[in-house]
file structure08.cif (mmCIF, C-alpha atoms)
data_coords
loop_
_atom_site.label_atom_id
_atom_site.label_comp_id
_atom_site.auth_asym_id
_atom_site.auth_seq_id
_atom_site.Cartn_x
_atom_site.Cartn_y
_atom_site.Cartn_z
CA MET B 1 42.67 26.31 -82.15
CA ARG B 2 39.56 24.88 -80.46
CA HIS B 3 39.79 21.98 -78.01
CA ASP B 4 37.37 19.06 -77.68
CA GLU B 5 35.62 18.03 -74.44
CA SER B 6 38.53 15.88 -73.24
CA THR B 7 41.19 18.62 -73.25
CA PRO B 8 42.97 19.67 -70.04
CA PHE B 9 41.54 23.16 -70.44
CA ASP B 10 37.95 21.94 -70.00
CA ASP B 11 39.02 19.61 -67.19
CA ASP B 12 40.37 22.69 -65.46
CA LEU B 13 37.12 24.53 -66.20
CA ARG B 14 35.00 21.78 -64.65
CA TYR B 15 37.26 21.76 -61.64
CA GLY B 16 36.97 25.52 -61.46
CA ARG B 17 33.16 25.41 -61.51
CA GLU B 18 33.09 22.86 -58.70
CA PHE B 19 35.60 24.85 -56.70
CA SER B 20 33.57 28.02 -57.29
CA ARG B 21 30.42 26.42 -55.88
CA ALA B 22 32.32 25.08 -52.86
CA LEU B 23 33.98 28.42 -52.22
CA ASP B 24 30.71 30.33 -52.59
CA THR B 25 29.08 28.03 -50.05
CA ALA B 26 31.92 28.56 -47.59
CA LEU B 27 31.70 32.32 -48.01
CA ASN B 28 27.96 32.52 -47.43
CA ASP B 29 28.35 32.95 -43.66
CA LEU B 30 31.03 35.62 -43.82
CA PRO B 31 30.04 39.21 -42.89
CA LEU B 32 31.24 40.56 -46.26
CA ARG B 33 29.21 39.62 -49.34
CA THR B 34 32.27 38.29 -51.19
CA GLU B 35 30.22 35.70 -53.06
CA PHE B 36 29.01 38.40 -55.43
CA LEU B 37 32.59 39.34 -56.28
CA VAL B 38 33.63 35.74 -56.83
CA ALA B 39 30.55 34.91 -58.90
CA GLY B 40 31.10 38.03 -61.01
CA ALA B 41 34.68 37.09 -61.71
CA VAL B 42 33.68 33.57 -62.74
CA ALA B 43 30.89 34.88 -64.98
CA ARG B 44 33.27 37.21 -66.79
CA GLY B 45 35.64 34.28 -67.27
CA THR B 46 33.01 32.18 -69.01
CA ARG B 47 32.34 34.91 -71.53
CA THR B 48 35.93 35.01 -72.72
CA ARG B 49 37.60 32.64 -75.11
CA ARG B 50 38.46 29.23 -73.72
CA ARG B 51 42.17 29.74 -73.95
CA LYS B 52 41.87 32.45 -71.24
CA ARG B 53 39.63 30.46 -68.90
CA VAL B 54 42.36 28.94 -66.79
CA ALA B 55 44.15 32.27 -66.31
CA LEU B 56 40.94 34.09 -65.40
CA TRP B 57 39.88 31.40 -62.96
CA SER B 58 43.26 31.55 -61.29
CA THR B 59 42.85 35.32 -60.91
CA SER B 60 39.33 34.90 -59.48
CA VAL B 61 40.42 32.34 -56.93
CA SER B 62 43.33 34.53 -55.85
CA ALA B 63 41.03 37.51 -55.42
CA ALA B 64 38.52 35.41 -53.49
CA ALA B 65 41.24 34.11 -51.19
CA ALA B 66 42.40 37.65 -50.49
CA LEU B 67 38.85 38.79 -49.83
CA THR B 68 38.27 35.83 -47.54
CA ALA B 69 41.35 36.70 -45.50
CA ALA B 70 40.27 40.35 -45.33
CA ALA B 71 36.75 39.35 -44.27
CA LEU B 72 38.11 37.21 -41.45
CA LEU B 73 40.41 39.98 -40.27
CA LEU B 74 37.50 42.43 -40.20
CA ALA B 75 34.98 40.07 -38.60
CA LEU B 76 36.96 38.48 -35.82
CA PRO B 77 37.79 41.65 -33.85
CA GLY B 78 34.17 42.72 -34.01
CA GLN B 79 33.01 39.35 -32.78
CA ARG B 80 35.43 39.53 -29.86
CA GLY B 81 34.22 43.04 -29.07
CA ASP B 82 30.65 41.84 -28.82
CA ALA B 83 31.40 39.87 -25.65
CA MET B 84 29.71 41.51 -22.67
CA GLN B 85 29.85 41.11 -18.91
CA THR B 86 26.32 40.88 -17.52
CA VAL B 87 24.50 40.03 -14.31
CA ALA B 88 21.00 38.79 -13.58
CA LEU B 89 18.51 41.65 -13.34
CA PRO B 90 16.10 41.96 -10.40
CA ASP B 91 12.58 40.62 -10.93
CA PHE B 92 11.03 43.98 -9.89
CA SER B 93 8.24 42.24 -7.98
CA VAL B 94 8.23 44.63 -5.01
CA GLY B 95 7.72 47.97 -6.74
CA SER B 96 4.82 50.36 -6.22
CA ASP B 97 3.77 53.43 -8.23
CA SER B 98 1.70 55.00 -5.47
CA ALA B 99 2.75 56.69 -2.24
CA PRO B 100 2.30 54.74 1.01
CA PRO B 101 -0.01 56.29 3.62
CA GLY B 102 1.52 59.39 5.17
CA LYS B 103 4.13 59.78 2.43
CA GLU B 104 4.46 62.08 -0.55
CA PRO B 105 6.79 62.29 -3.56
CA VAL B 106 10.24 63.58 -2.72
CA THR B 107 10.97 67.02 -4.19
CA GLY B 108 14.01 68.18 -6.11
CA ALA B 109 14.97 70.44 -3.19
CA ALA B 110 14.91 67.47 -0.80
CA THR B 111 16.92 65.42 -3.30
CA VAL B 112 19.75 67.93 -3.56
CA ALA B 113 19.68 68.53 0.22
CA LEU B 114 20.21 64.81 0.82
CA LEU B 115 22.99 64.72 -1.77
CA ALA B 116 24.87 67.49 0.06
CA GLU B 117 24.36 65.66 3.36
CA LEU B 118 25.70 62.37 2.03
CA LEU B 119 28.87 63.79 0.43
CA PRO B 120 32.09 62.39 1.90
CA ASP B 121 33.48 64.68 4.63
CA ARG B 122 30.61 67.14 4.08
CA PRO B 123 32.54 69.59 1.87
CA SER B 124 31.56 73.22 1.39
CA VAL B 125 29.00 73.68 -1.41
CA THR B 126 28.91 76.91 -3.40
CA LYS B 127 25.92 76.18 -5.65
CA THR B 128 22.97 73.80 -5.82
CA GLU B 129 20.58 72.94 -8.63
CA SER B 130 17.45 70.81 -8.49
CA ARG B 131 14.46 69.75 -10.53
CA ASP B 132 11.17 68.29 -9.37
CA SER B 133 9.29 65.41 -10.94
CA ASP B 134 6.86 66.23 -13.70
CA PRO B 135 3.46 66.13 -11.94
CA ALA B 136 1.78 65.17 -15.21
CA TYR B 137 3.17 61.66 -14.64
CA THR B 138 2.91 59.27 -11.71
CA ALA B 139 6.63 58.51 -11.71
CA VAL B 140 8.88 60.24 -9.20
CA GLN B 141 11.98 61.41 -11.02
CA THR B 142 14.03 64.18 -9.43
CA TYR B 143 17.45 65.68 -10.02
CA GLY B 144 20.01 67.46 -7.84
CA LYS B 145 23.48 68.84 -8.46
CA VAL B 146 26.04 70.51 -6.18
CA THR B 147 29.16 72.48 -7.02
CA LEU B 148 31.95 72.03 -4.50
CA ALA B 149 34.08 74.90 -3.21
CA GLU B 150 37.19 72.77 -3.71
CA GLY B 151 36.23 72.15 -7.32
CA GLY B 152 34.11 69.67 -9.19
CA THR B 153 30.44 68.75 -9.22
CA VAL B 154 28.28 65.87 -8.03
CA ALA B 155 24.88 65.15 -9.54
CA VAL B 156 22.16 62.64 -8.70
CA TRP B 157 19.14 61.35 -10.61
CA LEU B 158 16.46 59.61 -8.55
CA GLN B 159 14.07 57.71 -10.80
CA GLY B 160 11.18 55.77 -9.30
CA GLY B 161 9.38 53.26 -11.51
CA PHE B 162 12.25 53.25 -13.99
CA VAL B 163 11.26 49.82 -15.28
CA GLN B 164 7.60 50.77 -15.82
CA LYS B 165 5.96 52.53 -18.71
CA PRO B 166 5.21 56.22 -17.95
CA GLN B 167 1.67 56.76 -16.72
CA ARG B 168 -0.23 60.03 -16.84
CA SER B 169 -1.32 61.27 -13.44
CA GLY B 170 -4.31 63.27 -14.65
CA GLN B 171 -2.92 66.40 -13.00
CA ASP B 172 -2.73 69.79 -14.69
CA GLY B 173 1.03 69.96 -14.27
CA ASP B 174 1.06 72.68 -11.60
CA ALA B 175 1.73 70.53 -8.54
CA TRP B 176 1.71 67.02 -7.14
CA PRO B 177 -1.43 65.92 -5.27
CA GLY B 178 -1.06 67.15 -1.70
CA SER B 179 1.86 69.38 -2.57
CA ARG B 180 2.02 72.86 -1.06
CA GLN B 181 3.88 74.42 -3.99
CA SER B 182 2.14 77.59 -5.13
CA SER B 183 3.95 77.86 -8.46
CA LYS B 184 5.13 75.39 -11.04
CA PRO B 185 8.77 74.38 -10.35
CA GLU B 186 11.37 73.37 -12.90
CA VAL B 187 10.66 69.73 -13.63
CA THR B 188 12.44 66.79 -15.16
CA GLY B 189 10.41 64.64 -17.53
CA PRO B 190 10.06 60.92 -16.86
CA THR B 191 12.66 58.55 -18.23
CA HIS B 192 11.80 54.87 -18.35
CA MET B 193 13.26 51.65 -19.70
CA PRO B 194 10.56 48.99 -19.37
CA SER B 195 12.18 46.70 -21.96
CA VAL B 196 14.06 43.79 -20.39
CA ASP B 197 16.32 43.64 -23.46
CA GLY B 198 17.05 47.35 -23.12
CA LEU B 199 17.86 46.97 -19.45
CA GLY B 200 20.13 44.02 -20.18
CA ARG B 201 22.07 45.98 -22.77
CA HIS B 202 22.38 49.03 -20.53
CA TYR B 203 23.45 47.15 -17.40
CA SER B 204 26.44 45.39 -18.95
CA CYS B 205 30.12 46.04 -19.63
CA PRO B 206 32.13 45.24 -22.76
CA GLU B 207 34.84 42.66 -22.18
CA GLY B 208 38.19 44.37 -21.84
CA ASP B 209 36.79 47.77 -20.81
CA ASP B 210 38.67 48.50 -17.59
CA GLY B 211 36.59 51.63 -17.01
CA CYS B 212 33.33 49.68 -16.70
CA ARG B 213 32.28 47.32 -13.91
CA ILE B 214 29.00 45.53 -13.27
CA ALA B 215 27.99 43.73 -10.07
CA LYS B 216 24.98 42.18 -8.34
CA LEU B 217 24.63 43.48 -4.79
CA GLY B 218 23.53 41.50 -1.75
CA ASP B 219 20.08 43.12 -1.68
CA GLY B 220 19.39 42.12 -5.28
CA SER B 221 20.24 45.51 -6.80
CA VAL B 222 22.49 45.89 -9.83
CA LEU B 223 25.44 48.31 -9.73
CA LEU B 224 26.96 49.61 -12.96
CA PHE B 225 30.10 51.69 -12.42
CA LYS B 226 31.89 53.66 -15.14
CA GLU B 227 35.03 55.74 -14.95
CA ARG B 228 36.06 58.06 -17.76
CA GLY B 229 39.22 60.14 -17.86
CA SER B 230 41.89 60.33 -15.20
CA GLY B 231 43.34 62.68 -12.65
CA SER B 232 41.50 65.72 -11.39
CA GLY B 233 39.09 65.78 -14.32
CA ALA B 234 37.92 62.16 -14.06
CA GLU B 235 34.18 61.42 -14.27
CA LEU B 236 32.87 58.60 -12.07
CA THR B 237 29.31 57.33 -12.42
CA ALA B 238 27.56 54.78 -10.21
CA ASP B 239 24.23 53.58 -11.62
CA VAL B 240 22.11 51.49 -9.25
CA LEU B 241 18.92 49.66 -10.24
CA ARG B 242 16.99 48.33 -7.25
CA SER B 243 14.67 45.37 -7.07
CA ASP B 244 11.66 47.70 -6.67
CA GLY B 245 12.47 49.37 -10.02
CA THR B 246 13.98 52.51 -8.49
CA ARG B 247 17.11 53.82 -10.16
CA VAL B 248 19.75 56.05 -8.52
CA VAL B 249 22.54 57.51 -10.65
CA VAL B 250 25.36 59.53 -9.11
CA THR B 251 28.03 61.24 -11.23
CA ALA B 252 31.07 62.95 -9.70
CA THR B 253 33.17 65.07 -12.05
CA GLY B 254 36.51 66.59 -11.14
CA THR B 255 36.07 65.95 -7.42
CA GLY B 256 38.95 63.60 -6.68
CA TYR B 257 36.49 61.12 -5.13
CA ARG B 258 37.39 57.46 -5.22
CA ALA B 259 35.24 54.82 -6.87
CA ALA B 260 34.14 53.42 -3.49
CA GLN B 261 32.94 56.84 -2.37
CA VAL B 262 30.78 57.40 -5.44
CA GLN B 263 29.37 53.88 -5.18
CA ALA B 264 28.53 54.47 -1.52
CA LEU B 265 26.59 57.60 -2.49
CA ALA B 266 24.52 55.75 -5.09
CA THR B 267 23.82 52.69 -2.95
CA SER B 268 22.66 54.62 0.14
CA LYS B 269 19.29 53.38 1.38
CA ARG B 270 18.31 56.95 2.16
CA TRP B 271 17.38 57.56 -1.46
CA GLN B 272 13.61 57.10 -1.44
CA GLN B 273 10.97 58.32 -3.85
CA TRP B 274 8.30 58.57 -1.11
CA VAL B 275 9.15 60.60 2.00
CA ASP B 276 7.55 62.07 5.08
CA PRO B 277 6.18 65.54 4.25
CA ARG B 278 8.50 66.99 6.89
CA VAL B 279 11.48 66.05 4.73
CA ASN B 280 10.22 68.21 1.88
CA ASP B 281 9.23 70.97 4.32
CA ALA B 282 12.74 71.14 5.79
CA ALA B 283 14.36 71.26 2.37
CA GLU B 284 12.02 74.00 1.21
CA LYS B 285 12.74 76.14 4.27
CA ALA B 286 16.49 75.59 3.96
CA GLY B 287 16.45 76.62 0.34
CA GLY B 288 14.07 79.52 0.87
#

call {"tool": "encode", "arguments": {"input": "structure08.cif", "output": "structure tokens"}}
result
Amino acid sequence: MRHDESTPFDDDLRYGREFSRALDTALNDLPLRTEFLVAGAVARGTRTRRRKRVALWSTSVSAAAALTAAALLLALPGQRGDAMQTVALPDFSVGSDSAPPGKEPVTGAATVALLAELLPDRPSVTKTESRDSDPAYTAVQTYGKVTLAEGGTVAVWLQGGFVQKPQRSGQDGDAWPGSRQSSKPEVTGPTHMPSVDGLGRHYSCPEGDDGCRIAKLGDGSVLLFKERGSGSGAELTADVLRSDGTRVVVTATGTGYRAAQVQALATSKRWQQWVDPRVNDAAEKAGG
């Protein structure tokens, strides 16, 4: 039996079409593309005989409601997780990519020597590793690592000009200008993050992450501290970005050091990319 235009079935169909449009509009902003599923269900309903329209529409609306609830459950935790703790970055107006008069780039040997000197209680060190800056670039970026007799390691990365794009020095890669090195040392290539957006994402902590802390220091530097693991095998990292664009990263693994001790290592003012030549001389003799 066919029904004319005034039957309750078609009234329900018109209501269903209006409700479909309203529901589709409401779903447009959801992360899941549920509008395609709803629209597909409605389209299939219109191709069936009219006596099944009401039943099919009821099924479509039920499916859409379930999908809507699922979409909200999936989206809301992600949106909460996107919340980040941030601080204002330095303006980097005081940086310089050239050595002051009477200074030269710090070497890897001098970097690891200073690390051993700054360690809390001056523990016995059984092994040291170091890498010099790549002389093909103007940036000073050295690395040092010590292995402690009592167990664990401490490493430091000293990165001058971290917020600047890497610049070629014009050197042949054998030695820094003015350096007295006769052979090419092991080097660490330059790492930079000149993007303000990139810096902002890196120097931040997710809300609710108890192992991550971010702070603005009194001298304008930013301190990012992360702690992973627990007990004797814990890894503590203090990442300091100074207002001159210098970055100092210290990571202590399995040492038993406290957070304050690792932070004190990274925030020491003695980390400098340009040093008196005697500093490098002393480190070279000590390591020779």

call {"tool": "resolve_selection", "arguments": {"input": "structure08.cif", "expression": "the PyMOL selection byres ((chain B and resi 278-280) around 9)", "output": "list of chain:residue names"}}
result
B:Glu104, B:Pro105, B:Val106, B:Thr107, B:Gly108, B:Ala109, B:Ala110, B:Thr111, B:Val275, B:Asp276, B:Pro277, B:Asp281, B:Ala282, B:Ala283, B:Glu284, B:Lys285

call {"tool": "closest_residue", "arguments": {"input": "structure08.cif", "among": "B:Val249, B:Val163, B:Ala238, B:Met193", "to": "Lys145 (chain B)", "atoms": "only C-alpha atoms"}}
result
B:Val249

call {"tool": "closest_residue", "arguments": {"input": "structure08.cif", "among": "B:Gly161, B:Gly229, B:Gly245, B:Gly151", "to": "Asp210 (chain B)", "atoms": "all atoms listed in the file"}}
result
B:Gly229

call {"tool": "atom_distance", "arguments": {"input": "structure08.cif", "atom1": "CA of Gly220 (chain B)", "atom2": "CA of Tyr143 (chain B)"}}
result
24.1 Å

call {"tool": "residues_around", "arguments": {"input": "structure08.cif", "residues": "Ser195 (chain B)", "least_positions_apart": "5", "cutoff": "10 Å", "atoms": "only C-alpha atoms", "output": "PyMOL selection string"}}
result
chain B and resi 163-165+200-201

call {"tool": "closest_residue", "arguments": {"input": "structure08.cif", "among": "B:Lys103, B:Ala88, B:Ala83, B:Ser133", "to": "Tyr203 (chain B)", "atoms": "only C-alpha atoms"}}
result
B:Ala88

call {"tool": "resolve_selection", "arguments": {"input": "structure08.cif", "expression": "the PyMOL selection byres ((chain B and resi 228) around 10)", "output": "list of chain:residue names"}}
result
B:Asp210, B:Gly211, B:Cys212, B:Lys226, B:Glu227, B:Gly229, B:Ser230, B:Gly233, B:Ala234, B:Glu235, B:Leu236, B:Thr237, B:Thr253

call {"tool": "closest_residue", "arguments": {"input": "structure08.cif", "among": "B:Thr153, B:Pro166, B:Pro123, B:Glu207", "to": "Ala136 (chain B)", "atoms": "only C-alpha atoms"}}
result
B:Pro166

call {"tool": "atom_distance", "arguments": {"input": "structure08.cif", "atom1": "CA of Leu199 (chain B)", "atom2": "CA of Leu265 (chain B)"}}
result
21.8 Å

call {"tool": "atom_distance", "arguments": {"input": "structure08.cif", "atom1": "CA of Val196 (chain B)", "atom2": "CA of Pro135 (chain B)"}}
result
26.1 Å

call {"tool": "closest_residue", "arguments": {"input": "structure08.cif", "among": "B:Gln261, B:Ser124, B:Ser204, B:Thr267", "to": "Leu217 (chain B)", "atoms": "all atoms listed in the file"}}
result
B:Thr267
